[in-house]
Structure formats: C-alpha cells, structure tokens
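Shown here: start.cif, mmCIF, C-alpha atoms (C1' of nucleotides).
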```
data_work
#
loop_
_atom_site.label_atom_id
_atom_site.label_comp_id
_atom_site.auth_asym_id
_atom_site.auth_seq_id
_atom_site.Cartn_x
_atom_site.Cartn_y
_atom_site.Cartn_z
CA MET A 1 -4.59 52.45 2.26
CA PRO A 2 -1.38 51.74 0.25
CA ASP A 3 1.52 49.53 1.26
CA GLY A 4 1.33 47.67 4.56
CA ALA A 5 -2.11 49.08 5.29
CA TYR A 6 -3.16 46.41 7.76
CA HIS A 7 -0.42 47.38 10.13
CA HIS A 8 -2.82 50.09 11.23
CA GLY A 9 -5.34 47.86 12.89
CA ASP A 10 -6.51 45.34 10.31
CA LEU A 11 -3.93 42.65 10.95
CA ARG A 12 -6.64 40.38 12.32
CA ASN A 13 -8.44 40.25 8.99
CA ALA A 14 -5.19 40.12 7.06
CA LEU A 15 -4.27 36.99 8.98
CA ILE A 16 -7.59 35.35 8.17
CA LYS A 17 -7.13 36.25 4.51
CA ALA A 18 -3.58 34.90 4.50
CA ALA A 19 -4.77 31.65 6.09
CA LEU A 20 -7.50 31.30 3.46
CA ASP A 21 -5.00 31.87 0.67
CA LEU A 22 -2.56 29.34 2.06
CA LEU A 23 -5.39 26.89 2.53
CA ASN A 24 -6.29 26.57 -1.12
CA GLU A 25 -2.75 27.05 -2.36
CA SER A 26 -1.01 24.40 -0.30
CA GLY A 27 -3.79 22.55 1.50
CA PRO A 28 -4.18 22.09 5.24
CA GLU A 29 -0.53 21.08 5.71
CA GLY A 30 0.61 24.44 4.42
CA VAL A 31 -1.26 26.40 7.05
CA SER A 32 1.10 26.83 9.96
CA LEU A 33 0.75 29.83 12.19
CA ARG A 34 4.24 30.90 11.27
CA ALA A 35 3.55 30.60 7.55
CA VAL A 36 0.40 32.67 7.96
CA ALA A 37 2.35 35.35 9.79
CA ARG A 38 5.06 35.29 7.13
CA ARG A 39 2.44 35.67 4.40
CA ALA A 40 0.93 38.63 6.24
CA GLY A 41 4.35 40.19 6.61
CA VAL A 42 4.60 40.12 10.39
CA SER A 43 6.63 38.23 12.94
CA HIS A 44 5.50 34.80 14.05
CA ALA A 45 4.52 36.17 17.46
CA ALA A 46 2.25 38.90 16.11
CA PRO A 47 -0.87 36.71 15.65
CA TYR A 48 -1.02 36.19 19.40
CA HIS A 49 -2.12 39.80 19.81
CA HIS A 50 -5.29 39.01 17.84
CA PHE A 51 -5.96 35.33 18.54
CA VAL A 52 -5.34 33.45 21.75
CA ASP A 53 -4.46 30.35 19.80
CA LYS A 54 -3.79 28.87 16.41
CA ALA A 55 -7.12 27.11 16.94
CA ALA A 56 -8.81 30.47 17.49
CA LEU A 57 -7.48 31.72 14.15
CA MET A 58 -8.71 28.58 12.45
CA ASP A 59 -12.11 29.07 14.03
CA ALA A 60 -12.22 32.55 12.55
CA VAL A 61 -11.32 31.09 9.16
CA ALA A 62 -14.09 28.52 9.56
CA LEU A 63 -16.57 31.28 10.35
CA THR A 64 -15.52 33.12 7.21
CA GLY A 65 -16.06 29.89 5.31
CA PHE A 66 -19.60 29.56 6.61
CA LYS A 67 -20.32 33.13 5.58
CA MET A 68 -19.11 32.35 2.08
CA LEU A 69 -21.22 29.20 2.06
CA ARG A 70 -24.28 31.11 3.23
CA ASP A 71 -23.93 33.59 0.39
CA ALA A 72 -23.53 30.82 -2.16
CA ILE A 73 -26.55 28.96 -0.85
CA MET A 74 -28.87 31.96 -0.56
CA SER A 75 -27.88 33.20 -3.98
CA ALA A 76 -28.66 29.81 -5.55
CA HIS A 77 -31.83 29.59 -3.50
CA SER A 78 -33.18 32.86 -4.80
CA GLU A 79 -32.75 31.74 -8.38
CA ALA A 80 -35.67 29.30 -8.07
CA GLU A 81 -39.34 29.93 -7.35
CA LEU A 82 -40.94 26.73 -6.12
CA GLY A 83 -39.97 25.46 -2.70
CA LEU A 84 -38.70 22.11 -3.91
CA GLN A 85 -36.61 23.71 -6.61
CA GLN A 86 -35.21 26.14 -4.04
CA TYR A 87 -34.17 23.22 -1.87
CA ARG A 88 -32.51 21.49 -4.75
CA GLN A 89 -30.62 24.59 -5.81
CA ALA A 90 -29.50 25.25 -2.24
CA GLY A 91 -28.30 21.67 -1.89
CA MET A 92 -26.42 21.79 -5.15
CA ALA A 93 -24.75 25.04 -4.10
CA TYR A 94 -23.73 23.43 -0.81
CA ALA A 95 -22.10 20.51 -2.58
CA ARG A 96 -20.46 22.70 -5.21
CA PHE A 97 -18.95 24.87 -2.50
CA GLY A 98 -17.40 21.75 -1.00
CA PHE A 99 -15.92 20.67 -4.33
CA ASP A 100 -14.50 24.10 -5.06
CA ASN A 101 -13.08 24.73 -1.58
CA GLU A 102 -12.05 21.31 -0.37
CA ALA A 103 -9.55 22.29 2.31
CA LEU A 104 -11.76 25.07 3.66
CA PHE A 105 -14.85 22.88 3.63
CA ARG A 106 -13.07 20.18 5.62
CA LEU A 107 -11.76 22.75 8.08
CA MET A 108 -15.24 24.16 8.62
CA PHE A 109 -16.60 20.84 9.85
CA ARG A 110 -14.03 20.06 12.43
CA PRO A 111 -14.34 20.50 16.17
CA GLY A 112 -12.18 23.50 17.05
CA ALA A 113 -9.86 23.12 20.01
CA THR A 114 -11.44 26.24 21.43
CA ASP A 115 -15.11 26.79 21.99
CA ARG A 116 -16.74 26.84 18.59
CA THR A 117 -20.28 27.82 19.58
CA GLU A 118 -19.99 31.08 17.65
CA VAL A 119 -19.30 29.21 14.42
CA TRP A 120 -21.94 26.60 15.10
CA ASP A 121 -24.54 29.27 15.89
CA PHE A 122 -23.91 30.87 12.54
CA ALA A 123 -24.14 27.53 10.73
CA ARG A 124 -27.41 26.67 12.43
CA ALA A 125 -28.87 30.11 11.71
CA MET A 126 -27.95 29.59 8.06
CA TYR A 127 -29.71 26.25 8.08
CA ASP A 128 -32.88 27.69 9.61
CA GLU A 129 -32.81 30.55 7.12
CA VAL A 130 -32.85 28.18 4.17
CA ARG A 131 -35.47 25.97 5.72
CA GLU A 132 -37.82 28.83 6.52
CA ALA A 133 -37.33 30.42 3.13
CA SER A 134 -38.57 27.16 1.58
CA ALA A 135 -41.24 26.43 4.20
CA ASN A 136 -43.94 26.39 1.57
CA ALA A 137 -42.38 23.33 -0.03
CA ALA A 138 -44.34 20.84 2.07
CA PRO A 139 -46.62 20.67 5.12
CA ASP A 140 -45.07 21.77 8.41
CA VAL A 141 -44.13 18.64 10.28
CA GLU A 142 -42.65 16.80 7.33
CA SER A 143 -40.84 19.87 6.08
CA ARG A 144 -38.54 19.84 9.11
CA LEU A 145 -37.74 16.18 8.58
CA MET A 146 -37.32 16.72 4.87
CA ALA A 147 -34.91 19.60 5.36
CA ARG A 148 -32.83 17.65 7.84
CA THR A 149 -32.72 14.53 5.71
CA GLY A 150 -31.76 16.61 2.72
CA TRP A 151 -28.97 18.23 4.66
CA VAL A 152 -27.40 15.05 5.97
CA ALA A 153 -27.62 13.38 2.57
CA ILE A 154 -26.04 16.30 0.72
CA HIS A 155 -23.39 16.67 3.39
CA GLY A 156 -22.59 12.97 3.33
CA THR A 157 -22.47 12.90 -0.44
CA THR A 158 -20.15 15.88 -0.63
CA MET A 159 -17.79 14.47 1.98
CA LEU A 160 -17.70 10.98 0.49
CA ILE A 161 -17.01 12.39 -2.97
CA LEU A 162 -14.20 14.54 -1.57
CA ASP A 163 -12.81 11.47 0.21
CA GLY A 164 -12.83 9.66 -3.10
CA LEU A 165 -15.09 6.90 -1.80
CA LEU A 166 -17.95 7.80 -4.11
CA GLU A 167 -16.52 7.78 -7.57
CA ALA A 168 -17.44 10.99 -9.35
CA ASP A 169 -14.45 12.71 -10.85
CA THR A 170 -15.93 15.00 -13.48
CA PRO A 171 -18.38 17.77 -12.60
CA GLN A 172 -20.99 16.01 -14.73
CA GLU A 173 -20.71 12.78 -12.77
CA ARG A 174 -21.01 14.67 -9.50
CA GLU A 175 -24.10 16.54 -10.62
CA GLN A 176 -25.74 13.34 -11.76
CA LEU A 177 -24.91 11.56 -8.53
CA LEU A 178 -26.46 14.43 -6.58
CA GLU A 179 -29.51 14.34 -8.84
CA GLU A 180 -30.08 10.66 -8.17
CA ILE A 181 -29.72 11.13 -4.46
CA THR A 182 -32.08 14.09 -4.19
CA MET A 183 -34.56 11.99 -6.15
CA MET A 184 -34.29 9.14 -3.69
CA LEU A 185 -34.82 11.56 -0.81
CA GLY A 186 -38.39 11.97 -1.85
CA LEU A 187 -37.74 15.57 -2.77
CA GLY A 188 -38.92 14.53 -6.19
CA PHE A 189 -42.24 12.93 -5.36
CA ILE A 190 -43.57 14.12 -2.03
CA PRO A 191 -47.25 15.17 -2.15
CA ARG A 192 -47.98 18.87 -2.67
CA MET B 193 5.82 -14.18 23.90
CA PRO B 194 6.51 -12.45 27.25
CA ASP B 195 8.11 -9.06 27.83
CA GLY B 196 9.03 -6.99 24.81
CA ALA B 197 7.74 -9.63 22.45
CA TYR B 198 7.23 -7.41 19.45
CA HIS B 199 10.89 -6.65 19.24
CA HIS B 200 11.09 -9.95 17.41
CA GLY B 201 9.29 -8.84 14.28
CA ASP B 202 5.89 -7.58 15.33
CA LEU B 203 6.81 -3.94 15.88
CA ARG B 204 4.71 -2.97 12.90
CA ASN B 205 1.51 -4.17 14.53
CA ALA B 206 2.60 -2.89 17.92
CA LEU B 207 2.90 0.59 16.41
CA ILE B 208 -0.59 0.41 14.94
CA LYS B 209 -1.94 -0.74 18.29
CA ALA B 210 -0.11 2.05 20.11
CA ALA B 211 -1.48 4.61 17.66
CA LEU B 212 -5.03 3.28 18.17
CA ASP B 213 -4.64 3.49 21.94
CA LEU B 214 -3.30 7.02 21.82
CA LEU B 215 -6.09 7.97 19.46
CA ASN B 216 -8.93 7.28 21.85
CA GLU B 217 -7.01 8.27 24.93
CA SER B 218 -5.82 11.70 23.87
CA GLY B 219 -7.55 12.36 20.55
CA PRO B 220 -5.87 13.16 17.25
CA GLU B 221 -3.55 15.76 18.78
CA GLY B 222 -1.97 13.13 20.98
CA VAL B 223 -0.88 10.97 18.10
CA SER B 224 2.59 12.10 17.15
CA LEU B 225 4.97 9.63 15.60
CA ARG B 226 7.33 10.13 18.53
CA ALA B 227 4.59 9.50 21.08
CA VAL B 228 3.59 6.32 19.26
CA ALA B 229 7.19 5.12 19.30
CA ARG B 230 7.48 5.98 23.00
CA ARG B 231 4.31 4.06 23.74
CA ALA B 232 5.64 1.05 21.85
CA GLY B 233 8.92 1.27 23.74
CA VAL B 234 11.20 2.02 20.82
CA SER B 235 13.21 4.99 19.63
CA HIS B 236 11.51 7.69 17.56
CA ALA B 237 13.41 6.55 14.49
CA ALA B 238 12.32 2.93 14.68
CA PRO B 239 8.93 3.38 12.94
CA TYR B 240 10.73 4.34 9.75
CA HIS B 241 11.83 0.75 9.33
CA HIS B 242 8.17 -0.28 8.99
CA PHE B 243 6.45 2.76 7.49
CA VAL B 244 7.86 5.18 4.98
CA ASP B 245 5.95 8.02 6.58
CA LYS B 246 3.83 9.10 9.47
CA ALA B 247 1.04 9.21 6.89
CA ALA B 248 1.70 5.58 5.99
CA LEU B 249 1.28 4.57 9.62
CA MET B 250 -1.96 6.52 9.84
CA ASP B 251 -3.17 4.79 6.68
CA ALA B 252 -2.52 1.44 8.34
CA VAL B 253 -4.49 2.64 11.37
CA ALA B 254 -7.33 3.72 9.09
CA LEU B 255 -7.35 0.30 7.44
CA THR B 256 -7.58 -1.35 10.86
CA GLY B 257 -10.49 0.98 11.60
CA PHE B 258 -12.32 -0.12 8.47
CA LYS B 259 -11.81 -3.75 9.43
CA MET B 260 -13.33 -3.05 12.84
CA LEU B 261 -16.20 -1.22 11.17
CA ARG B 262 -16.78 -4.10 8.79
CA ASP B 263 -17.05 -6.57 11.66
CA ALA B 264 -19.47 -4.33 13.53
CA ILE B 265 -21.64 -3.86 10.47
CA MET B 266 -21.72 -7.48 9.36
CA SER B 267 -22.44 -8.65 12.88
CA ALA B 268 -25.39 -6.25 13.19
CA HIS B 269 -26.49 -7.18 9.69
CA SER B 270 -26.71 -10.87 10.49
CA GLU B 271 -28.97 -10.22 13.46
CA ALA B 272 -31.88 -9.31 11.18
CA GLU B 273 -33.72 -11.39 8.62
CA LEU B 274 -35.57 -9.13 6.23
CA GLY B 275 -33.53 -7.08 3.80
CA LEU B 276 -34.83 -3.75 4.98
CA GLN B 277 -34.21 -4.60 8.61
CA GLN B 278 -30.71 -5.73 7.70
CA TYR B 279 -30.04 -2.36 6.08
CA ARG B 280 -31.31 -0.54 9.11
CA GLN B 281 -29.23 -2.58 11.51
CA ALA B 282 -26.13 -2.13 9.35
CA GLY B 283 -26.71 1.62 9.21
CA MET B 284 -27.21 1.87 12.93
CA ALA B 285 -24.01 -0.08 13.54
CA TYR B 286 -22.16 2.28 11.20
CA ALA B 287 -23.34 5.33 13.13
CA ARG B 288 -22.73 3.75 16.52
CA PHE B 289 -19.18 2.91 15.50
CA GLY B 290 -18.66 6.58 14.71
CA PHE B 291 -20.03 7.70 18.07
CA ASP B 292 -17.93 5.20 20.00
CA ASN B 293 -14.69 5.80 18.08
CA GLU B 294 -14.82 9.46 17.16
CA ALA B 295 -11.13 10.12 16.58
CA LEU B 296 -10.63 6.89 14.65
CA PHE B 297 -13.76 7.44 12.58
CA ARG B 298 -12.61 10.91 11.57
CA LEU B 299 -9.16 9.61 10.74
CA MET B 300 -10.61 6.89 8.52
CA PHE B 301 -12.34 9.39 6.25
CA ARG B 302 -9.47 11.64 5.50
CA PRO B 303 -7.34 11.67 2.38
CA GLY B 304 -4.01 10.15 3.36
CA ALA B 305 -0.88 11.95 2.24
CA THR B 306 0.23 8.71 0.67
CA ASP B 307 -1.72 6.67 -1.80
CA ARG B 308 -4.78 5.39 0.01
CA THR B 309 -6.19 3.09 -2.65
CA GLU B 310 -5.62 0.05 -0.44
CA VAL B 311 -7.83 1.52 2.30
CA TRP B 312 -10.45 2.72 -0.16
CA ASP B 313 -10.57 -0.67 -1.86
CA PHE B 314 -11.32 -2.33 1.44
CA ALA B 315 -14.01 0.23 2.27
CA ARG B 316 -15.67 -0.22 -1.11
CA ALA B 317 -15.55 -4.01 -0.82
CA MET B 318 -17.24 -3.69 2.57
CA TYR B 319 -19.93 -1.53 1.04
CA ASP B 320 -20.59 -3.99 -1.78
CA GLU B 321 -20.67 -6.85 0.70
CA VAL B 322 -23.45 -5.22 2.72
CA ARG B 323 -25.36 -4.23 -0.38
CA GLU B 324 -25.25 -7.67 -1.93
CA ALA B 325 -26.14 -9.36 1.34
CA SER B 326 -29.33 -7.29 1.38
CA ALA B 327 -30.00 -7.43 -2.33
CA ASN B 328 -33.36 -9.02 -1.77
CA ALA B 329 -34.58 -5.85 -0.05
CA ALA B 330 -35.87 -4.25 -3.25
CA PRO B 331 -35.78 -4.70 -7.04
CA ASP B 332 -32.34 -4.44 -8.63
CA VAL B 333 -32.05 -1.00 -10.10
CA GLU B 334 -33.50 0.84 -7.16
CA SER B 335 -31.61 -1.24 -4.64
CA ARG B 336 -28.32 0.29 -5.80
CA LEU B 337 -29.71 3.78 -5.47
CA MET B 338 -31.27 2.94 -2.14
CA ALA B 339 -28.05 1.56 -0.72
CA ARG B 340 -26.09 4.60 -1.84
CA THR B 341 -28.62 7.07 -0.54
CA GLY B 342 -28.74 5.22 2.75
CA TRP B 343 -24.98 5.33 3.02
CA VAL B 344 -24.58 9.04 2.36
CA ALA B 345 -27.42 9.89 4.74
CA ILE B 346 -26.09 7.75 7.58
CA HIS B 347 -22.57 9.03 6.98
CA GLY B 348 -23.72 12.64 6.92
CA THR B 349 -25.81 12.19 10.04
CA THR B 350 -22.98 10.57 11.94
CA MET B 351 -20.51 13.28 10.97
CA LEU B 352 -22.86 16.16 11.70
CA ILE B 353 -23.72 14.71 15.10
CA LEU B 354 -20.04 14.29 15.89
CA ASP B 355 -19.44 17.86 14.77
CA GLY B 356 -22.15 18.99 17.17
CA LEU B 357 -24.21 20.57 14.40
CA LEU B 358 -27.08 18.16 14.78
CA GLU B 359 -28.08 18.29 18.39
CA ALA B 360 -28.30 14.79 19.78
CA ASP B 361 -26.32 14.38 22.96
CA THR B 362 -27.81 11.32 24.59
CA PRO B 363 -27.73 7.90 22.91
CA GLN B 364 -31.54 7.96 22.88
CA GLU B 365 -31.67 11.22 20.96
CA ARG B 366 -29.17 9.90 18.44
CA GLU B 367 -31.10 6.70 17.89
CA GLN B 368 -34.32 8.62 17.39
CA LEU B 369 -32.70 11.02 14.96
CA LEU B 370 -31.37 8.10 12.96
CA GLU B 371 -34.81 6.46 13.05
CA GLU B 372 -36.45 9.55 11.62
CA ILE B 373 -33.88 9.86 8.89
CA THR B 374 -34.02 6.23 7.80
CA MET B 375 -37.80 6.67 7.64
CA MET B 376 -37.47 9.68 5.37
CA LEU B 377 -35.14 7.73 3.11
CA GLY B 378 -38.01 5.61 2.00
CA LEU B 379 -36.45 2.59 3.66
CA GLY B 380 -39.65 2.49 5.66
CA PHE B 381 -42.20 2.47 2.88
CA ILE B 382 -40.67 1.32 -0.38
CA PRO B 383 -42.81 -1.32 -2.16
CA ARG B 384 -41.77 -4.94 -1.48
"C1'" DA C 385 -1.75 49.23 22.19
"C1'" DC C 386 0.84 46.67 18.99
"C1'" DC C 387 4.80 44.30 17.40
"C1'" DT C 388 9.56 41.94 17.66
"C1'" DG C 389 13.51 38.56 18.73
"C1'" DA C 390 15.15 35.19 21.46
"C1'" DA C 391 14.05 31.17 23.88
"C1'" DC C 392 11.74 26.54 25.01
"C1'" DA C 393 9.73 22.24 24.24
"C1'" DC C 394 8.10 19.58 20.76
"C1'" DC C 395 7.70 17.53 16.14
"C1'" DG C 396 8.85 14.76 11.41
"C1'" DT C 397 12.65 13.07 8.97
"C1'" DT C 398 17.41 11.60 7.86
"C1'" DC C 399 21.60 9.16 8.50
"C1'" DA C 400 25.81 7.25 10.18
"C1'" DA C 401 26.73 3.92 13.42
"C1'" DG C 402 25.87 -0.08 16.24
"C1'" DT C 403 24.15 -5.26 16.98
"C1'" DA D 404 17.72 -7.03 9.10
"C1'" DC D 405 16.49 -4.12 12.75
"C1'" DC D 406 17.24 -0.49 15.94
"C1'" DT D 407 19.59 3.78 18.10
"C1'" DG D 408 21.39 8.69 19.00
"C1'" DA D 409 22.56 12.78 17.21
"C1'" DA D 410 21.39 16.22 14.03
"C1'" DC D 411 18.38 19.41 11.08
"C1'" DA D 412 14.62 22.17 9.89
"C1'" DC D 413 10.30 23.25 11.36
"C1'" DC D 414 6.47 24.18 14.55
"C1'" DG D 415 3.30 26.43 18.58
"C1'" DT D 416 3.77 29.25 22.49
"C1'" DT D 417 5.75 32.51 25.87
"C1'" DC D 418 7.88 36.65 27.38
"C1'" DA D 419 10.86 40.46 28.15
"C1'" DA D 420 11.85 44.31 25.53
"C1'" DG D 421 11.08 47.85 22.16
"C1'" DT D 422 7.98 51.80 19.81
#
```
Show me the file's structure as structure tokens.
Amino acid sequence: MPDGAYHHGDLRNALIKAALDLLNESGPEGVSLRAVARRAGVSHAAPYHHFVDKAALMDAVALTGFKMLRDAIMSAHSEAELGLQQYRQAGMAYARFGFDNEALFRLMFRPGATDRTEVWDFARAMYDEVREASANAAPDVESRLMARTGWVAIHGTTMLILDGLLEADTPQEREQLLEEITMMLGLGFIPR
Amino acid sequence: MPDGAYHHGDLRNALIKAALDLLNESGPEGVSLRAVARRAGVSHAAPYHHFVDKAALMDAVALTGFKMLRDAIMSAHSEAELGLQQYRQAGMAYARFGFDNEALFRLMFRPGATDRTEVWDFARAMYDEVREASANAAPDVESRLMARTGWVAIHGTTMLILDGLLEADTPQEREQLLEEITMMLGLGFIPR
DNA sequence: ACCTGAACACCGTTCAAGT
DNA sequence: ACCTGAACACCGTTCAAGT
C-alpha cells in the first residue's frame, strides 16, 4: 500500500493516528478536527463519514490509549513473579504511561460528549484482568479492596504529578514518590 | 450598588462569577469568553481589559474554586476533635466538593495555558494547613507520608468516580467507597 | 460508498475609535 | 481608564454536488 493508501478504506484509522500524533506534538489545543483532517490529507468534511462527531473521534483515540496502556501494564506485570511485585510493576507502568503520554492520558479520563461505555468497558476489563492475574497476592476479600485502593492512589498520584501539584520533576523523584506511596498502601506489609 | 453596579470597577469579579455560573449550568462547553461577557452584560472585547487571556480568566476561576474548597475542608476539619477523624472529615469534604461541583473541580486541576503558580501556591498552602492542623494524628515522619497518601487516594477516588470508572452512583455508595478506601490507607489502624 | 467545496454559526483575539 | 464595534483567522457541522 504505497502513497495515499488509506484512501482505500482505512481513513478511519488514519484519522485516529493523525489525532494521536497531533496530541503529543502540539498538546490538546492542537487537536482540531480540521487539523486532523489536514494531517490525514483529506478535506475537513471527510471525518464525518467515519465519526458522527469530533467527540466520537476523540473517544476512539481514548480507546486506543487504553489499549496501549493495557499492553504496557500487562507487559510490566508479567515481568514479576510474586503477586505483590506484579501489582507494584503494574502500578509503576500505569504511572509511567501517564508521564510519557500526558495529553493522551488526560484525554482518556474525560467524559466523552458521546456515550463512552465502550471505552469504559475496556478500561474496566483491563482492571479486572490485572486484579485476577495477581489474585494470589492476598486473601480474597481484602484483595479486591487492595486492588481498588492501589488503583485510586496510583491514579491520583499520576494526575497530581502531571498537574504539578506534587513536586517530582525528575524521573527519579517520581519513582521515589511512587515507592513511598505504594509502601503506605500496605502493599508492603500486608500478611501473606 | 443597584443596576449594572459592576460597570464601576467590579467587572473583573462579575466575569469570574458569570463564568462560575455558566460552568455549573452548562458544563465546560458552555463557558466561552463571549458567553461569559454576554452573561455579564458587556461586549465580548471587554474581558480583555481585565484578563490578558481566556486562560487567565479560567485561572482566576480555578483560584476561586480552591478558595471554596479550602473553606469546605477547613469547616469539615473543625467539626472533629481527634487528628484521624479530622483527616477523614477533611477528605470526605474534598470528595464531596468534587461531586457537587464537577465542572469546576475538573477545571481546577488542569494546567492553565498561562503561568498557574499563583493557583498552585494557594492549593499547596491549603494542603499544608490541613496537614499541620492534624499534625497530632501520628508521629512526625509518617504523618507527612500519611497525609500525602491520603490526598492522592482521595483525589484519585473522586476523579475516577466522576469519570464513571468507579461505580458509585448514589451518595450512599460514594460514602461507603470512600470509607473502605480510607480504611485501607491505614488511617483506620495506625498506632497512636 | 466515499469524498469535496461552499456555507453557517460560533469562537478567541486585536485594534481603532468612542466616552 | 474603561468599554465598544468591526474585523480576522479559526473552528465544528451541514449539505448539495461530484466520482
């Protein structure tokens, strides 16, 4: 598929790709529907044949983001053996993804103007996947609470660092901050 | 100061007020600079005599939001006696503020296009204020870690509930979810 | 079926001009 | 000093028309 290949039916994906590129080149402000179309080499009306809305395109971008996040998490997860270590690695991967893809990460956690159940279903499935894969980390009842607490703490930490409210500019400072927080979560000293 | 009072020098605050009103009436989409000016009864060019930017106006709105949040937190804080209870009440107030002012809360935690150090300074001062007011909750070193962990967990929980990723639709479900998470933080069973 | 070009209503920003 | 009206470049969305 040489020049202009996506004019033969793959414009939908080309638009998502263009939006992703614009997102980490020029931030959220740079992502107008017209700019995306320009980048993909089509007219500004063309996207409407593949997405009902600008919001619908952004939802598709968010879904792509969650797929990327899932891969990053599961890959980090599989590099550890013990349940607690798996959790920690998954959490670190989550945070690192946020640091490395700020604009995308923020976009992912935003209520879409359209119905975003498809994206949310994927995100929740990802969450359950990680939790079940580490189910041997602690006894049943507490493991659900532990997973949820871990999630909200990592998510909050990532967001507050991105906002600049938690001061951690260098990668080292961020890692250490995350270390201290996972410790406080009890992930370090829960029985079994 | 009867009709059209803020034409005598208070337009700046009138614009902030108008933006706040629009924010919880029609959500973030409804807050265009022109709509704010319309609501305040001035021409769309008038705001530029008080704010260099639309972003600068939104920063002022965010600062107002943090002041409201501070009042809510400190008021809840003073209703408890023991340090741990004070933390819990403060955290609950933080979350409740998010639920009751979704659009404003989201706006507050967003990197302004302009320099937002003024807003961040206020937010950090608020954080230190709460932490120091509850300093007797636990021994020194751990109290800093505890406060920070509590903050990121409450913040993450609030955001993920607002996003719809953590299912808690009724106020009761949200309170219970927050209860469980504060428990897991160790705020329930730390020595002393 | 897929894409385009013109059109519409709206937006943020600037600037000369008014008081 | 403070505000206005017109103007500019941009945006999201629609729609008749082209292939």
### Query
Rounded to one decimal in Å, what is the spacing between atom CA of Arg288 of chain B and atom CA of Phe301 of chain B?
15.7 Å
### Task
I would like the residues chosen by the PyMOL selection byres ((chain D) within 12 of (chain A)) on the shown file; could you give them as a PyMOL selection string?
chain D and resi 413-418
### Query
Near chain A, which residues of chain B fall within 7 Å when you count all atoms listed in the file, and what do they look like as a PyMOL selection string?
chain B and resi 301-303+312+341+344-345+347-349+355+357+373+376-377
### Message
Assuming the chain letters and numbering stay as they are in my file, what does the PyMOL selection byres ((chain D and resi 408) around 10) actually select? List them as a list in words.
### Response
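With the PyMOL selection byres ((chain D and resi 408) around 10) on this model, the match is Ser235 and Ala237 of chain B; DA400 and DA401 of chain C; DT407, DA409 and DA410 of chain D.
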### Message
For segment 263-274 of chain B, find every residue with an atom within 9 Å (counting only C-alpha atoms (C1' of nucleotides)), except residues of its own chain fewer than 5 positions away, and show them as a list in words.
### Response
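Residues near the query, excluding close chain neighbours: Phe258, Tyr279, Arg280, Gln281, Ala282, Gly283, Met284, Ala285, Tyr286, Phe289, Met318, Glu321, Val322, Ala325, Ser326, Asn328 and Ala329 of chain B.
Take atom CA of Val253 of chain B and atom CA of Ala232 of chain B: the distance between them is 14.7 Å.
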### Query
Evaluating the PyMOL selection byres ((chain C and resi 385) around 10) on the displayed file yields which residues, as an MDAnalysis selection string?
(chainID A and resid 49) or (chainID C and resid 386:387)
### Best match for closeness to Asp320 of chain B among B:Ala339, B:Val223, B:Ala254, B:Ala295, counting all atoms listed in the file
B:Ala339
### Summary
From atom CA of Ala229 of chain B to atom CA of Asp202 of chain B the spacing works out at 13.4 Å
